[in-house]
>>> print(open('query_18.tsv').read())   # TSV, C-alpha atoms
chain	number	residue	atom	x	y	z
A	47	MET	CA	7.77	17.44	-0.97
A	48	ILE	CA	11.40	16.65	-0.54
A	49	MET	CA	13.24	19.61	0.76
A	50	MET	CA	16.91	19.82	0.13
A	51	SER	CA	19.47	22.05	1.61
A	52	SER	CA	23.11	22.14	0.80
A	53	ARG	CA	23.97	22.08	4.47
A	54	GLY	CA	22.56	20.22	7.42
A	55	PRO	CA	21.34	16.63	7.58
A	56	TRP	CA	20.74	16.22	3.85
A	57	SER	CA	24.41	16.75	3.24
A	58	LEU	CA	24.88	13.68	5.41
A	59	LEU	CA	21.97	11.75	3.96
A	60	GLU	CA	20.72	11.41	0.45
A	61	ASP	CA	17.20	10.34	-0.19
A	62	LEU	CA	16.97	7.58	-2.77
A	63	VAL	CA	13.30	6.73	-2.88
A	64	GLY	CA	11.72	10.07	-2.11
A	65	LEU	CA	11.03	11.11	-5.67
A	66	GLN	CA	9.51	7.79	-6.52
A	67	GLY	CA	7.42	8.08	-3.39
A	68	ASP	CA	5.97	11.40	-4.41
A	69	PHE	CA	5.24	9.96	-7.81
A	70	ASN	CA	3.43	7.05	-6.19
A	71	ARG	CA	1.44	9.34	-4.00
A	72	LEU	CA	0.27	11.41	-6.95
A	73	PHE	CA	-0.36	8.75	-9.54
A	74	GLY	CA	-0.27	5.55	-7.54
A	75	ASP	CA	-2.71	2.74	-7.28
A	76	GLY	CA	-6.33	3.40	-6.49
A	77	GLY	CA	-6.98	4.74	-3.07
A	78	TRP	CA	-3.66	6.51	-2.72
A	79	ARG	CA	-4.98	9.66	-4.28
A	80	VAL	CA	-6.35	10.41	-0.84
A	81	ARG	CA	-2.80	10.83	0.40
A	82	ALA	CA	-1.99	13.57	-2.04
A	83	GLY	CA	-4.58	15.83	-0.47
A	84	ARG	CA	-3.86	16.87	3.07
A	85	ALA	CA	-7.52	17.82	3.51
A	86	LEU	CA	-8.53	14.28	4.38
A	87	TYR	CA	-6.50	13.52	7.43
A	88	PRO	CA	-6.42	11.00	8.96
A	89	PRO	CA	-7.21	8.37	6.32
A	90	LEU	CA	-10.01	6.06	7.42
A	91	ASN	CA	-11.17	2.51	6.86
A	92	VAL	CA	-14.76	1.67	7.78
A	93	TRP	CA	-16.24	-1.80	8.13
A	94	GLN	CA	-19.91	-2.49	8.59
A	95	SER	CA	-21.56	-5.62	9.91
A	96	ALA	CA	-24.87	-6.59	11.49
A	97	ASP	CA	-23.35	-5.86	14.89
A	98	GLY	CA	-22.16	-2.38	14.13
A	99	LEU	CA	-19.42	-0.29	12.62
A	100	VAL	CA	-15.65	-0.37	13.00
A	101	VAL	CA	-13.72	2.77	12.07
A	102	ASP	CA	-9.91	2.69	11.78
A	103	ALA	CA	-7.94	5.92	11.59
A	104	GLU	CA	-4.27	5.95	10.61
A	105	LEU	CA	-2.75	8.19	13.29
A	106	PRO	CA	0.85	7.13	13.94
A	107	GLY	CA	2.65	8.74	16.85
A	108	VAL	CA	-0.39	10.39	18.37
A	109	ASP	CA	-1.06	10.38	22.10
A	110	PRO	CA	-4.31	8.39	22.18
A	111	SER	CA	-5.56	10.25	25.25
A	112	ALA	CA	-5.36	13.51	23.28
A	113	VAL	CA	-7.68	12.26	20.56
A	114	GLU	CA	-11.27	13.37	20.98
A	115	LEU	CA	-14.10	11.10	19.97
A	116	SER	CA	-17.74	12.12	19.89
A	117	VAL	CA	-20.95	10.51	18.74
A	118	GLU	CA	-23.56	13.14	18.09
A	119	ASP	CA	-26.43	13.64	15.64
A	120	GLY	CA	-25.79	10.31	14.02
A	121	ARG	CA	-22.13	10.91	13.30
A	122	LEU	CA	-18.80	9.95	14.76
A	123	THR	CA	-16.17	12.67	14.89
A	124	ILE	CA	-12.48	12.00	15.48
A	125	SER	CA	-10.45	15.10	16.18
A	126	GLY	CA	-7.23	16.18	17.78
A	127	GLU	CA	-3.85	17.58	17.08
A	128	ARG	CA	-0.73	15.90	15.84
A	129	SER	CA	2.56	17.37	16.90
A	130	ASN	CA	5.80	15.83	15.76
A	131	GLY	CA	7.85	17.48	18.44
A	132	GLY	CA	11.30	18.73	17.71
A	133	GLU	CA	13.79	19.80	20.30
A	134	PRO	CA	15.27	23.24	20.60
A	135	GLY	CA	18.64	23.54	18.97
A	136	GLU	CA	17.78	20.76	16.59
A	137	GLY	CA	18.21	21.42	12.90
A	138	ALA	CA	15.55	20.05	10.57
A	139	ALA	CA	16.35	19.23	6.98
A	140	CYS	CA	13.13	17.65	6.05
A	141	ARG	CA	9.64	17.57	7.48
A	142	GLU	CA	7.26	15.46	5.45
A	143	ARG	CA	5.17	14.03	8.28
A	144	THR	CA	1.74	15.57	8.68
A	145	GLU	CA	1.40	17.95	11.58
A	146	GLY	CA	-1.41	20.05	12.99
A	147	LYS	CA	-5.08	19.87	13.89
A	148	PHE	CA	-7.32	17.28	12.31
A	149	SER	CA	-10.96	16.35	12.34
A	150	ARG	CA	-12.97	13.81	10.43
A	151	SER	CA	-16.57	12.67	10.69
A	152	VAL	CA	-18.33	9.51	9.66
A	153	GLU	CA	-22.07	9.41	9.07
A	154	LEU	CA	-23.46	6.47	11.06
A	155	PRO	CA	-25.91	4.30	9.12
A	156	PHE	CA	-27.76	3.27	12.31
A	157	ARG	CA	-28.18	4.25	15.92
A	158	VAL	CA	-25.41	3.24	18.30
A	159	ASN	CA	-25.19	2.90	22.05
A	160	SER	CA	-22.77	5.72	22.66
A	161	ASP	CA	-21.85	4.39	26.10
A	162	GLN	CA	-20.74	1.13	24.47
A	163	VAL	CA	-18.43	2.76	21.94
A	164	LYS	CA	-14.88	1.49	22.44
A	165	ALA	CA	-11.57	2.77	21.15
A	166	THR	CA	-8.19	1.07	21.02
A	167	TYR	CA	-4.84	2.24	19.70
A	168	LYS	CA	-2.34	-0.17	18.19
A	169	LEU	CA	0.62	0.25	15.83
A	170	GLY	CA	-0.40	3.82	15.19
A	171	VAL	CA	-3.94	2.90	14.16
A	172	LEU	CA	-6.92	4.07	16.20
A	173	ARG	CA	-9.86	1.65	16.08
A	174	VAL	CA	-13.31	2.81	17.14
A	175	THR	CA	-15.94	0.09	17.58
A	176	LEU	CA	-19.53	1.28	17.51
A	177	PRO	CA	-22.09	-1.40	18.40
A	178	ARG	CA	-25.47	-1.03	16.81
A	179	ALA	CA	-28.21	-0.22	19.32
A	180	GLU	CA	-30.15	-3.35	20.16
A	181	GLU	CA	-33.53	-1.72	19.53
A	182	ASP	CA	-32.29	-0.58	16.14
A	183	LYS	CA	-31.19	-3.99	14.92
A	184	PRO	CA	-33.37	-5.54	12.25
A	185	LYS	CA	-35.59	-8.16	13.81
A	186	ARG	CA	-36.72	-11.30	12.25
A	187	ILE	CA	-40.43	-11.75	12.71
A	188	ALA	CA	-41.58	-15.28	12.69
A	189	VAL	CA	-44.91	-15.88	10.98
A	190	GLN	CA	-47.07	-17.97	13.19
A	191	ALA	CA	-49.33	-20.52	11.71
A	192	ALA	CA	-52.96	-19.75	12.44
B	116	MET	CA	19.08	15.66	-5.57
B	117	THR	CA	21.78	14.73	-8.02
B	118	GLN	CA	21.11	13.02	-11.31
B	119	GLU	CA	23.02	10.03	-10.01
B	120	ALA	CA	20.73	9.68	-7.03
B	121	GLN	CA	17.64	9.79	-9.23
B	122	VAL	CA	18.93	6.98	-11.40
B	123	LEU	CA	19.74	4.92	-8.34
B	124	ASP	CA	16.28	5.66	-7.06
B	125	ARG	CA	14.50	4.12	-10.06
B	126	GLN	CA	16.71	1.07	-10.11
B	127	ASP	CA	16.15	0.65	-6.42
B	128	VAL	CA	12.38	0.64	-6.65
B	129	ALA	CA	12.33	-1.49	-9.79
B	130	THR	CA	14.27	-4.27	-8.14
B	131	GLU	CA	12.04	-4.16	-5.10
B	132	VAL	CA	8.94	-5.04	-7.08
B	133	ALA	CA	10.14	-8.62	-6.88
B	134	THR	CA	8.93	-9.01	-3.29
B	135	PRO	CA	7.27	-12.11	-1.85
B	136	GLU	CA	3.98	-10.23	-2.19
B	137	PRO	CA	4.14	-8.52	-5.59
B	138	TRP	CA	0.51	-7.35	-5.33
B	139	LEU	CA	1.39	-4.96	-2.52
B	140	ALA	CA	1.80	-1.33	-3.44
B	141	VAL	CA	5.25	0.00	-2.59
B	142	VAL	CA	4.88	3.33	-0.81
B	143	ALA	CA	7.52	5.75	0.39
B	144	PRO	CA	6.52	6.72	3.93
B	145	PRO	CA	6.86	10.36	5.05
B	146	VAL	CA	10.14	11.12	6.81
B	147	ASP	CA	11.40	13.85	9.12
B	148	VAL	CA	15.15	14.31	9.25
B	149	THR	CA	16.63	16.30	12.08
B	150	GLU	CA	20.14	16.89	13.27
B	151	THR	CA	21.51	17.12	16.77
B	152	LYS	CA	25.05	17.75	17.86
B	153	ASP	CA	25.94	14.06	17.86
B	154	ALA	CA	23.52	12.39	15.49
B	155	ILE	CA	21.07	12.45	12.63
B	156	GLN	CA	17.53	11.46	13.63
B	157	VAL	CA	15.29	9.93	11.01
B	158	THR	CA	11.62	9.69	11.98
B	159	VAL	CA	9.33	7.64	9.76
B	160	ASP	CA	5.57	7.09	9.90
B	161	LEU	CA	4.97	3.34	9.58
B	162	PRO	CA	1.39	2.75	10.78
B	163	GLY	CA	0.30	-0.87	10.87
B	164	VAL	CA	3.86	-2.22	10.82
B	165	GLU	CA	4.83	-4.66	13.57
B	166	GLU	CA	8.39	-5.02	14.76
B	167	GLN	CA	8.75	-8.42	13.10
B	168	ALA	CA	7.55	-6.96	9.79
B	169	LEU	CA	10.21	-4.25	9.77
B	170	ASP	CA	13.67	-4.56	8.24
B	171	ILE	CA	16.43	-2.03	8.64
B	172	ASP	CA	19.55	-2.68	6.59
B	173	VAL	CA	22.73	-0.83	5.94
B	174	GLU	CA	24.61	-1.95	2.89
B	175	ASN	CA	27.22	-0.09	0.88
B	176	GLY	CA	26.44	3.06	2.82
B	177	VAL	CA	22.70	2.93	2.07
B	178	LEU	CA	20.20	2.65	4.91
B	179	THR	CA	17.09	0.84	3.69
B	180	LEU	CA	13.84	0.66	5.63
B	181	THR	CA	11.25	-1.90	4.59
B	182	GLY	CA	8.03	-2.43	6.51
B	183	ARG	CA	4.98	-4.52	5.73
B	184	ALA	CA	1.83	-2.80	6.98
B	185	ARG	CA	-1.16	-4.91	7.84
B	186	VAL	CA	-4.78	-3.87	7.60
B	187	ASP	CA	-7.10	-6.26	9.39
B	188	GLY	CA	-10.82	-5.68	9.46
B	189	PRO	CA	-13.19	-7.23	11.98
B	190	PRO	CA	-14.57	-10.68	11.17
B	191	ASN	CA	-17.80	-10.55	9.14
B	192	GLY	CA	-17.28	-6.90	8.42
B	193	GLU	CA	-17.77	-5.50	4.95
B	194	ARG	CA	-15.46	-2.63	4.12
B	195	VAL	CA	-17.62	0.34	3.16
B	196	LEU	CA	-14.84	2.95	3.07
B	197	GLY	CA	-11.21	2.25	2.22
B	198	GLU	CA	-8.63	5.02	2.40
B	199	PHE	CA	-5.59	3.04	3.50
B	200	ASP	CA	-4.45	-0.44	2.66
B	201	ALA	CA	-1.86	-3.06	3.39
B	202	VAL	CA	1.29	-1.77	1.71
B	203	LEU	CA	5.01	-2.31	1.60
B	204	TYR	CA	6.67	0.79	2.96
B	205	LYS	CA	10.10	1.38	1.57
B	206	ARG	CA	12.61	4.15	1.85
B	207	ALA	CA	16.34	4.30	1.22
B	208	LEU	CA	18.78	6.90	2.45
B	209	ARG	CA	22.41	7.17	1.52
B	210	LEU	CA	24.63	7.78	4.51
B	211	SER	CA	27.56	10.09	4.39
B	212	ASP	CA	30.86	8.60	5.51
B	213	ARG	CA	30.78	11.17	8.31
B	214	LEU	CA	28.07	9.04	9.92
B	215	SER	CA	28.77	5.91	11.89
B	216	ALA	CA	26.77	3.08	10.31
B	217	GLU	CA	27.87	0.61	12.98
B	218	ASN	CA	26.09	2.28	15.88
B	219	ILE	CA	22.64	2.94	14.46
B	220	THR	CA	19.81	2.50	16.94
B	221	ALA	CA	16.12	2.21	16.12
B	222	GLN	CA	12.89	2.25	18.08
B	223	LEU	CA	9.37	1.53	16.82
B	224	LYS	CA	6.48	2.88	18.86
B	225	HIS	CA	2.86	3.68	18.00
B	226	GLY	CA	3.56	3.24	14.29
B	227	VAL	CA	6.52	5.65	14.29
B	228	LEU	CA	10.09	4.53	13.71
B	229	ARG	CA	12.91	6.61	15.13
B	230	VAL	CA	16.38	5.87	13.79
B	231	SER	CA	19.39	7.51	15.32
B	232	ILE	CA	22.59	7.58	13.27
B	233	PRO	CA	25.53	8.87	15.27
B	234	LYS	CA	28.12	11.12	13.69
B	235	ARG	CA	31.65	9.91	13.64
B	236	GLU	CA	33.89	11.62	16.09
B	237	GLU	CA	35.80	14.28	14.30
B	238	LYS	CA	39.49	13.68	14.35
B	239	LYS	CA	40.81	16.09	16.89
B	240	ALA	CA	43.69	18.26	15.81
B	241	ARG	CA	46.75	17.06	17.58
B	242	LYS	CA	49.26	19.42	18.88
B	243	ILE	CA	52.77	18.22	18.39
B	244	VAL	CA	55.09	19.30	21.04
B	245	VAL	CA	58.62	19.85	19.94
B	246	THR	CA	60.93	18.42	22.48
B	247	PRO	CA	64.20	20.20	22.92
B	248	ALA	CA	67.16	18.26	21.70
>>> encode(input="query_18.tsv", output="structure tokens")
Amino acid sequence: MIMMSSRGPWSLLEDLVGLQGDFNRLFGDGGWRVRAGRALYPPLNVWQSADGLVVDAELPGVDPSAVELSVEDGRLTISGERSNGGEPGEGAACRERTEGKFSRSVELPFRVNSDQVKATYKLGVLRVTLPRAEEDKPKRIAVQAA
Amino acid sequence: MTQEAQVLDRQDVATEVATPEPWLAVVAPPVDVTETKDAIQVTVDLPGVEEQALDIDVENGVLTLTGRARVDGPPNGERVLGEFDAVLYKRALRLSDRLSAENITAQLKHGVLRVSIPKREEKKARKIVVTPA
């Protein structure tokens, strides 16, 4: 939502694209419906390959060391808290950025070596790489000629 | 928001559809606007946007932010869940003439852009001393 006040920063700034943005978020192209609901935060992308799973979470401005990752009972859980700061004595005209505690889980389609799970943080996107456990990988069995 | 601003808004977005990558969805990123004694701070979530893919312009008193977000999957990976995509982030803010457009500073870190727009120094009331004749 765009919040307006007659005084404060919005009297110095006028938002030109905000309304269109809200429209996009509500009715926009496929996939963006997720953004309208705050329940699913952070948004995720998941890629699967023979080697494992890669999970990206869109978490801009989050201290990566404060994000908790766990692999338990066949699921990955990403949780933490996002705080947008704000200094005392600072007036706020508009706060659209998501703030607060979050947690999301992904059901893992195979077993992973939890000690080989890696996480990186770049451009506000957290990437968790979960290698598939070697003993769980499908094995090709060669038929031997008698 | 005034009626005038809404009209500007639609025109603004309509013209921006003619980007080099017209298939990209144009999305207005969420913004926090805060005010300190000396400046207006605009904080914008721009995940996936590299510095080179970000443009900040001020023209005719309008500050325009345009950022191209990338989404790169691992090689050989098949996307099984997709909740965010490569998009063109775009937001425009009209600056009051009480702000100094010449001294805007911006910093992009961890997918968050912080723009600081200093206020113009208020003209101080001058006391005129009458000198005796």
>>> closest_atom_pairs(input="query_18.tsv", of="chain B", to="chain A", cutoff="8 Å", atoms="all atoms listed in the file", output="CSV")
residue,atom,partner,partner_atom,distance
B:Met116,CA,A:Met50,CA,7.4
B:Ala120,CA,A:Leu62,CA,6.1
B:Gln121,CA,A:Leu62,CA,6.9
B:Leu123,CA,A:Leu62,CA,6.8
B:Asp124,CA,A:Leu62,CA,4.8
B:Arg125,CA,A:Gln66,CA,7.1
B:Asp127,CA,A:Val63,CA,7.6
B:Val128,CA,A:Val63,CA,7.2
B:Ala140,CA,A:Asp75,CA,7.2
B:Val142,CA,A:Gly67,CA,6.0
B:Ala143,CA,A:Gly67,CA,4.4
B:Pro144,CA,A:Gly67,CA,7.5
B:Pro145,CA,A:Glu142,CA,5.1
B:Val146,CA,A:Glu142,CA,5.4
B:Asp147,CA,A:Arg141,CA,4.4
B:Val148,CA,A:Cys140,CA,5.0
B:Thr149,CA,A:Ala138,CA,4.2
B:Glu150,CA,A:Gly137,CA,4.9
B:Thr151,CA,A:Glu136,CA,5.2
B:Lys152,CA,A:Glu136,CA,8.0
B:Ile155,CA,A:Pro55,CA,6.6
B:Val159,CA,A:Arg143,CA,7.8
B:Asp160,CA,A:Pro106,CA,6.2
B:Leu161,CA,A:Pro106,CA,7.1
B:Pro162,CA,A:Gly170,CA,4.9
B:Gly163,CA,A:Leu169,CA,5.1
B:Val164,CA,A:Leu169,CA,6.5
B:Glu165,CA,A:Leu169,CA,6.9
B:Gly188,CA,A:Trp93,CA,6.8
B:Pro189,CA,A:Trp93,CA,7.3
B:Asn191,CA,A:Ser95,CA,6.2
B:Gly192,CA,A:Ser95,CA,4.7
B:Glu193,CA,A:Trp93,CA,5.1
B:Arg194,CA,A:Trp93,CA,4.2
B:Val195,CA,A:Trp93,CA,5.6
B:Leu196,CA,A:Val92,CA,4.9
B:Gly197,CA,A:Asn91,CA,4.6
B:Glu198,CA,A:Leu90,CA,5.3
B:Phe199,CA,A:Pro89,CA,6.2
B:Lys205,CA,A:Val63,CA,7.7
B:Arg206,CA,A:Val63,CA,5.4
B:Ala207,CA,A:Leu62,CA,5.2
B:Leu208,CA,A:Asp61,CA,4.6
B:Arg209,CA,A:Glu60,CA,4.7
B:Leu210,CA,A:Leu59,CA,4.8
B:Ser211,CA,A:Leu58,CA,4.6
B:Asp212,CA,A:Leu58,CA,7.8
B:Arg213,CA,A:Leu58,CA,7.0
B:Leu214,CA,A:Leu58,CA,7.2
B:Lys224,CA,A:Leu169,CA,7.1
B:His225,CA,A:Gly170,CA,4.3
B:Gly226,CA,A:Gly170,CA,4.1
B:Val227,CA,A:Gly107,CA,5.6
>>> closest_residue(input="query_18.tsv", among="A:Val158, A:Leu122, A:Lys164, A:Gln190", to="Pro177 (chain A)", atoms="all atoms listed in the file")
A:Val158
>>> atom_distance(input="query_18.tsv", atom1="CA of Ile232 (chain B)", atom2="CA of Leu169 (chain B)")
17.5 Å
>>> atom_distance(input="query_18.tsv", atom1="CA of Leu223 (chain B)", atom2="CA of Glu236 (chain B)")
26.5 Å
>>> closest_residue(input="query_18.tsv", among="B:Ala221, B:Gln156, B:Ala201, B:Pro190", to="Lys234 (chain B)", atoms="all atoms listed in the file")
B:Gln156
>>> atom_distance(input="query_18.tsv", atom1="CA of Glu145 (chain A)", atom2="CA of Arg183 (chain B)")
23.5 Å
>>> decode(input="query_18.tsv", residues="region 203-222 of chain B", atoms="N, CA, C and O atoms", output="CSV table (one decimal), in the first residue's frame")
chain,number,residue,atom,x,y,z
B,203,LEU,N,12.2,-6.3,-14.7
B,203,LEU,CA,12.7,-4.9,-14.8
B,203,LEU,C,12.0,-4.1,-13.7
B,203,LEU,O,10.8,-3.9,-13.7
B,204,TYR,N,12.8,-3.8,-12.7
B,204,TYR,CA,12.3,-3.0,-11.6
B,204,TYR,C,12.3,-1.5,-12.0
B,204,TYR,O,13.2,-1.0,-12.6
B,205,LYS,N,11.2,-0.9,-11.7
B,205,LYS,CA,11.1,0.5,-12.1
B,205,LYS,C,10.2,1.3,-11.1
B,205,LYS,O,9.2,0.9,-10.7
B,206,ARG,N,10.8,2.5,-10.7
B,206,ARG,CA,10.0,3.3,-9.8
B,206,ARG,C,10.4,4.8,-10.1
B,206,ARG,O,11.6,5.0,-10.4
B,207,ALA,N,9.5,5.7,-10.1
B,207,ALA,CA,9.7,7.1,-10.3
B,207,ALA,C,9.2,7.9,-9.2
B,207,ALA,O,8.1,7.7,-8.7
B,208,LEU,N,10.0,8.9,-8.7
B,208,LEU,CA,9.5,9.7,-7.6
B,208,LEU,C,9.8,11.2,-8.0
B,208,LEU,O,10.9,11.5,-8.5
B,209,ARG,N,8.8,12.0,-7.8
B,209,ARG,CA,8.9,13.4,-8.2
B,209,ARG,C,9.6,14.1,-7.0
B,209,ARG,O,9.1,13.9,-5.9
B,210,LEU,N,10.6,14.9,-7.2
B,210,LEU,CA,11.3,15.6,-6.2
B,210,LEU,C,10.8,17.0,-6.0
B,210,LEU,O,10.6,17.7,-7.0
B,211,SER,N,10.6,17.3,-4.8
B,211,SER,CA,10.2,18.7,-4.5
B,211,SER,C,11.4,19.6,-4.8
B,211,SER,O,12.5,19.2,-4.8
B,212,ASP,N,11.1,20.9,-5.1
B,212,ASP,CA,12.2,21.8,-5.4
B,212,ASP,C,12.9,22.2,-4.1
B,212,ASP,O,13.9,22.9,-4.1
B,213,ARG,N,12.4,21.7,-2.9
B,213,ARG,CA,13.1,21.9,-1.7
B,213,ARG,C,14.2,20.8,-1.5
B,213,ARG,O,14.9,20.9,-0.5
B,214,LEU,N,14.3,19.9,-2.4
B,214,LEU,CA,15.4,18.9,-2.4
B,214,LEU,C,16.5,19.3,-3.4
B,214,LEU,O,16.2,19.9,-4.4
B,215,SER,N,17.7,18.9,-3.1
B,215,SER,CA,18.8,19.2,-3.9
B,215,SER,C,19.1,18.0,-4.8
B,215,SER,O,19.7,17.1,-4.4
B,216,ALA,N,18.7,18.1,-6.1
B,216,ALA,CA,18.9,17.0,-7.0
B,216,ALA,C,20.3,16.8,-7.4
B,216,ALA,O,20.7,15.7,-7.9
B,217,GLU,N,21.2,17.8,-7.2
B,217,GLU,CA,22.5,17.7,-7.7
B,217,GLU,C,23.4,16.9,-6.8
B,217,GLU,O,24.4,16.4,-7.2
B,218,ASN,N,23.0,16.7,-5.5
B,218,ASN,CA,23.9,16.0,-4.6
B,218,ASN,C,23.3,14.7,-4.1
B,218,ASN,O,23.6,14.3,-2.9
B,219,ILE,N,22.6,14.0,-4.9
B,219,ILE,CA,22.1,12.7,-4.6
B,219,ILE,C,23.2,11.7,-4.5
B,219,ILE,O,24.0,11.6,-5.4
B,220,THR,N,23.2,10.9,-3.5
B,220,THR,CA,24.1,9.8,-3.4
B,220,THR,C,23.3,8.5,-3.3
B,220,THR,O,22.2,8.4,-2.8
B,221,ALA,N,24.0,7.4,-3.8
B,221,ALA,CA,23.3,6.1,-3.8
B,221,ALA,C,24.3,5.0,-3.5
B,221,ALA,O,25.4,5.1,-3.9
B,222,GLN,N,23.8,4.0,-2.8
B,222,GLN,CA,24.6,2.8,-2.5
B,222,GLN,C,23.8,1.6,-2.6
B,222,GLN,O,22.6,1.5,-2.2
